[in-house]
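S.K.: Can you read through this structure? Questions will come right after.
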Amino acid sequence: MTRNDELFDRARLSIPGGVNSPVRAYRSVGGTPRFLTSAKGAYVTDSDGTQYVDLVSSWGPAILGHAHPEVVAAVQDAAGRGLSFGASTPGETELAELVRARVTSGGRSPIEKIRLVSTGTEATMTAIRLARGFTGRDVLIKFAGHYHGHSDSLLAEAGSGLATLGLPASAGVPAATAALTLVLPYNDLDAVREAFALHPGRIAGIITEAAAANMGVVAPDAGFNAALSAIAHENGALLIVDEVLTGFRVHPAGYWALESEAQAAEGSDAYSPDLVTYGKVIGGGMPLAALGGRADVMDFLAPLGPVYQAGTLSGNPVAVAAGIATLTLADASVYARLDATADLLSSSVSEALADVGVTHSVQRAGNLFSFVFGDYTPSAGGAPRTYADVQRQDAFRYPAFFHSMLDSGVSLPPSVFEAWFVSAAHDDKAIGRILDALPAAARAAASA
Ligand code: PMP
């Protein structure tokens, strides 16, 4: 019995499933979750003292690698001045200004005002309340397979058929709440237009992941997000772009900016989200998230407006210090490094799988990537664009692949429906270790 086994047994006596967030339990890959004791750069170390190259990166925040010395120093310095005040601090405004200055395209920022909260769940929960409060409407559109945290309205899942009102995806979500969420197929603009036609004057907003990355990575079709903005605005509704995962990871200013650059190259203007949510990277590994957007909408929040939102730890000074340090250090060279590493790893995994005849699709959205197992060649319908497309994959191949990599000292996300996260600390040595592990993992996937 390993120390990890002992710790898992002990944890399960006091903590439901032994974990504080379900995916950590390794349910979809099997085996004992690794209990981590430290993390540095590209590596994490478990309680048995085994070191792994980490491609989870705390599910996104660690773009600089774990425990970057300057971020740790900023946190220590802030902590020395007090852990939490429950009052305004200069750092909050500094971080707000930093975000507004970064998220610009053609001299314009969609982030006119921003409020700091503690988790992505809070950011999206507040954004939809704000959309409902601002428009005076109740119904919300989300896309099947998109994850926006675990607030009631956003746990609704697709029923069958276009306008089927949502059914709860979790016990405990009142059917009446889920019924106000329309769940539509991703990348399907006709479905969105039809929903507005079927529910005139009732839809407050559309929420979409800037690029879907919680069903594995499924990028939006070119122009999809821009079209959502246009359709929402034609119908008096708001567009909420959820950049909790993509924000400050795929580009210094997020997926919106990546798309804006592509649009500018074609001579068109950037599309306008009304609200944008951030999390993960913005807090540099500390509990911090945000929602921002149009000033007239944001000013609907209390104390100026009638939509309530608050938080004892909102804008926590230690978390803000980590966020400022992380964003300040994440310069163009960091993103160039992330992009190059993502290119190399995604093509190397693909080659290793192809070498042993495992058919798959490489899914990319900027430097985020994942793999979908199965035949997604053009004659079989092409690369996945919807949740239904990724659900029909040969998911049974992933546990064998995952465990082979883990045995070789590489920690991957413990689910095929998650993105892989690289960091700027993944140097040649760390990448070499990943590349060395691939042939055996591909063979394991082939014989699964
Ligand atoms: N939105 C997106 C797109 C996410 O990926 C996540 C978390 N993975 C959330 C919201 C929720 O964030 P948190 O876990 O911080 O509540």
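Chain labels run A, B, ... following the order of the structure tokens; each chain numbers its residues from 1, and ligands are numbered from 1 in the order shown.
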Can you list, as a list in words, all residues belonging to stretch 170-347 of chain A that DSSP tags as strand (DSSP E or B)?
M.R.: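 The strand (DSSP E or B) residues within stretch 170-347 of chain A come out as Thr181, Leu182, Val183, Leu184, Ile203, Ala204, Gly205, Ile206, Ile207, Thr208, Glu209, Ala212, Val218, Leu238, Leu239, Ile240, Val241, Asp242, Leu275, Val276, Thr277, Tyr278, Ala289, Ala290, Leu291, Gly292, Gly293, Leu301 and Val307 of chain A.
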S.K.: Show me which residues line ligand 1, defined as having an atom within 9 Å of a ligand atom where only C-alpha atoms and all ligand atoms count, and present them as a PyMOL selection string.
M.R.: chain A and resi 21+59-60+118-124+146-151+208-214+242-246+277-280+287-289
S.K.: For stretch 295-361 of chain A against stretch 248-266 of chain A, with a cut-off of 10 Å and counting only C-alpha atoms, what is the closest atom pair and its distance in Å to one decimal for every residue that makes the cut, ordered by chain and number, as a tab-separated table?
M.R.:
residue	atom	partner	partner_atom	distance
A:Thr326	CA	A:Phe248	CA	9.8
A:Leu327	CA	A:Phe248	CA	7.7
A:Ala330	CA	A:Pro252	CA	7.3
A:Asp331	CA	A:Pro252	CA	7.1
A:Ala332	CA	A:Pro252	CA	7.1
A:Val334	CA	A:Pro252	CA	9.0
A:Tyr335	CA	A:His251	CA	6.4
A:Ala336	CA	A:His251	CA	9.1
A:Leu338	CA	A:Val250	CA	8.3
A:Asp339	CA	A:Val250	CA	8.0
S.K.: Report as a ChimeraX atom specification all protein, DNA and RNA residues lying within 10 Å of A:Ala437, evaluated on only C-alpha atoms, omitting residues in the same chain fewer than 2 positions from it.
M.R.: /A:349,352,404-410,431-435,439-442
S.K.: Could you turn the residues from that selection into a file that holds N, CA and C atoms, as a tab-separated table (two decimals), in the first residue's frame?
M.R.:
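The result, written out as part-v4.tsv:
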chain	number	residue	atom	x	y	z
A	349	VAL	N	1.93	13.87	-29.63
A	349	VAL	CA	0.94	12.88	-29.17
A	349	VAL	C	0.21	12.29	-30.37
A	352	ALA	N	2.38	9.78	-32.14
A	352	ALA	CA	2.52	8.53	-31.38
A	352	ALA	C	1.26	7.68	-31.52
A	404	SER	N	-0.47	4.89	-18.25
A	404	SER	CA	0.87	4.65	-18.78
A	404	SER	C	1.71	5.92	-18.63
A	405	MET	N	1.14	7.06	-18.94
A	405	MET	CA	1.86	8.33	-18.78
A	405	MET	C	2.21	8.56	-17.30
A	406	LEU	N	1.25	8.28	-16.43
A	406	LEU	CA	1.48	8.50	-14.99
A	406	LEU	C	2.63	7.60	-14.51
A	407	ASP	N	2.62	6.34	-14.98
A	407	ASP	CA	3.70	5.42	-14.59
A	407	ASP	C	5.06	5.90	-15.11
A	408	SER	N	5.04	6.66	-16.20
A	408	SER	CA	6.29	7.21	-16.74
A	408	SER	C	6.61	8.58	-16.15
A	409	GLY	N	5.81	9.01	-15.19
A	409	GLY	CA	6.13	10.28	-14.52
A	409	GLY	C	5.55	11.51	-15.18
A	410	VAL	N	4.39	11.35	-15.84
A	410	VAL	CA	3.72	12.51	-16.45
A	410	VAL	C	2.27	12.55	-15.96
A	431	ILE	N	9.74	18.59	-21.30
A	431	ILE	CA	9.09	18.17	-22.54
A	431	ILE	C	9.69	16.84	-23.02
A	432	GLY	N	11.00	16.70	-22.87
A	432	GLY	CA	11.66	15.44	-23.25
A	432	GLY	C	11.07	14.26	-22.50
A	433	ARG	N	10.79	14.48	-21.22
A	433	ARG	CA	10.22	13.39	-20.42
A	433	ARG	C	8.82	13.01	-20.94
A	434	ILE	N	8.07	14.00	-21.35
A	434	ILE	CA	6.74	13.73	-21.90
A	434	ILE	C	6.88	12.95	-23.22
A	435	LEU	N	7.77	13.42	-24.08
A	435	LEU	CA	7.93	12.78	-25.40
A	435	LEU	C	8.38	11.32	-25.22
A	439	PRO	N	5.35	6.78	-26.63
A	439	PRO	CA	5.14	5.53	-27.38
A	439	PRO	C	4.45	4.44	-26.55
A	440	ALA	N	4.88	4.28	-25.30
A	440	ALA	CA	4.26	3.24	-24.46
A	440	ALA	C	2.80	3.58	-24.18
A	441	ALA	N	2.52	4.85	-23.95
A	441	ALA	CA	1.13	5.25	-23.66
A	441	ALA	C	0.25	5.03	-24.89
A	442	ALA	N	0.78	5.34	-26.06
A	442	ALA	CA	0.00	5.12	-27.28
A	442	ALA	C	-0.28	3.63	-27.48
S.K.: Pull the closest atom pair for each residue of stretch 259-285 of chain A that gets at most 12 Å from stretch 193-207 of chain A, along with the distance in Å to one decimal, counting only C-alpha atoms, ordering rows by chain and then ascending residue number, as a Markdown table.
M.R.:
| residue | atom | partner | partner_atom | distance |
| --- | --- | --- | --- | --- |
| A:Pro273 | CA | A:Ile207 | CA | 10.0 |
| A:Asp274 | CA | A:Gly205 | CA | 9.5 |
| A:Leu275 | CA | A:Ile207 | CA | 9.2 |
| A:Val276 | CA | A:Ile207 | CA | 9.4 |
| A:Thr277 | CA | A:Ile207 | CA | 10.0 |
S.K.: Keeping only N, CA and C atoms, write those residues as an mmCIF file, in the first residue's frame.
M.R.:
data_model
loop_
_atom_site.group_PDB
_atom_site.id
_atom_site.type_symbol
_atom_site.label_atom_id
_atom_site.label_comp_id
_atom_site.auth_asym_id
_atom_site.auth_seq_id
_atom_site.Cartn_x
_atom_site.Cartn_y
_atom_site.Cartn_z
ATOM 1 N N PRO A 273 -18.615 41.426 -26.657
ATOM 2 C CA PRO A 273 -19.317 40.757 -25.562
ATOM 3 C C PRO A 273 -19.858 41.839 -24.630
ATOM 4 N N ASP A 274 -20.976 41.585 -23.958
ATOM 5 C CA ASP A 274 -21.487 42.564 -22.994
ATOM 6 C C ASP A 274 -20.856 42.342 -21.631
ATOM 7 N N LEU A 275 -20.675 41.051 -21.297
ATOM 8 C CA LEU A 275 -20.029 40.696 -20.040
ATOM 9 C C LEU A 275 -19.010 39.598 -20.323
ATOM 10 N N VAL A 276 -17.916 39.619 -19.580
ATOM 11 C CA VAL A 276 -16.872 38.600 -19.720
ATOM 12 C C VAL A 276 -16.516 38.123 -18.317
ATOM 13 N N THR A 277 -16.347 36.821 -18.164
ATOM 14 C CA THR A 277 -15.938 36.306 -16.859
ATOM 15 C C THR A 277 -14.512 35.770 -16.929
#
S.K.: Using only C-alpha atoms, which of the listed residues (A:Arg3, A:His233, A:Lys113, A:Arg129) sits closest to A:Phe35?
M.R.: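 Using only C-alpha atoms, the shortest distance to A:Phe35 belongs to A:Arg3.
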S.K.: Separation of atom CA of A:Asp54 and atom CA of A:Leu412, in Å?
M.R.: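 Spanning atom CA of A:Asp54 to atom CA of A:Leu412 is a straight-line distance of 6.7 Å.
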S.K.: Can you list every residue of stretch 175-275 of chain A that has an atom at most 12 Å from stretch 371-383 of chain A, with its nearest atom pair and the distance in Å to one decimal, using only C-alpha atoms, ordered by chain then number, as a tab-separated table?
M.R.:
residue	atom	partner	partner_atom	distance
A:Ala213	CA	A:Phe371	CA	11.4
A:Met215	CA	A:Val372	CA	9.8
A:Gly216	CA	A:Phe371	CA	7.2
A:Val217	CA	A:Phe371	CA	8.0
A:Val218	CA	A:Ala383	CA	9.0
A:Ala219	CA	A:Ala383	CA	10.4
A:Pro220	CA	A:Ala383	CA	11.9
A:Asp221	CA	A:Ala383	CA	11.3
S.K.: Within 8 Å of A:Val23, counting only C-alpha atoms, which residues show up once you throw out same-chain ones fewer than 2 positions away? Write them as a list in words, please.
M.R.: Ser21, Ala25, Tyr26, Arg27, Pro414 and Ser415 of chain A
S.K.: Take the selection from the previous step and output its residues with N, CA and C atoms, as a compact mmCIF listing (two decimals), in the first residue's frame.
M.R.:
# COMPACT_ATOMS: atom_id res chain seq x y z
N SER A 21 -13.29 18.32 -4.97
CA SER A 21 -13.80 18.65 -6.30
C SER A 21 -13.78 17.33 -7.06
N ALA A 25 -11.01 12.69 -7.99
CA ALA A 25 -11.14 11.33 -7.46
C ALA A 25 -10.71 10.25 -8.46
N TYR A 26 -10.32 10.63 -9.68
CA TYR A 26 -9.86 9.66 -10.70
C TYR A 26 -10.98 8.69 -11.09
N ARG A 27 -12.25 9.08 -10.91
CA ARG A 27 -13.33 8.14 -11.20
C ARG A 27 -13.33 7.68 -12.65
N PRO A 414 -7.09 13.85 -15.30
CA PRO A 414 -7.65 12.52 -15.10
C PRO A 414 -9.04 12.34 -15.75
N SER A 415 -9.24 12.87 -16.93
CA SER A 415 -10.47 12.68 -17.68
C SER A 415 -10.21 13.06 -19.13
S.K.: Rounded to one decimal in Å, what is the spacing between atom CA of A:Gly107 and atom CA of A:Ser272?
M.R.: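 Computing it gives 13.4 Å between the two atoms.
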S.K.: How many Å lie between atom CA of A:Met298 and atom CA of A:Pro110, rounded to one decimal?
M.R.: 11.5 Å
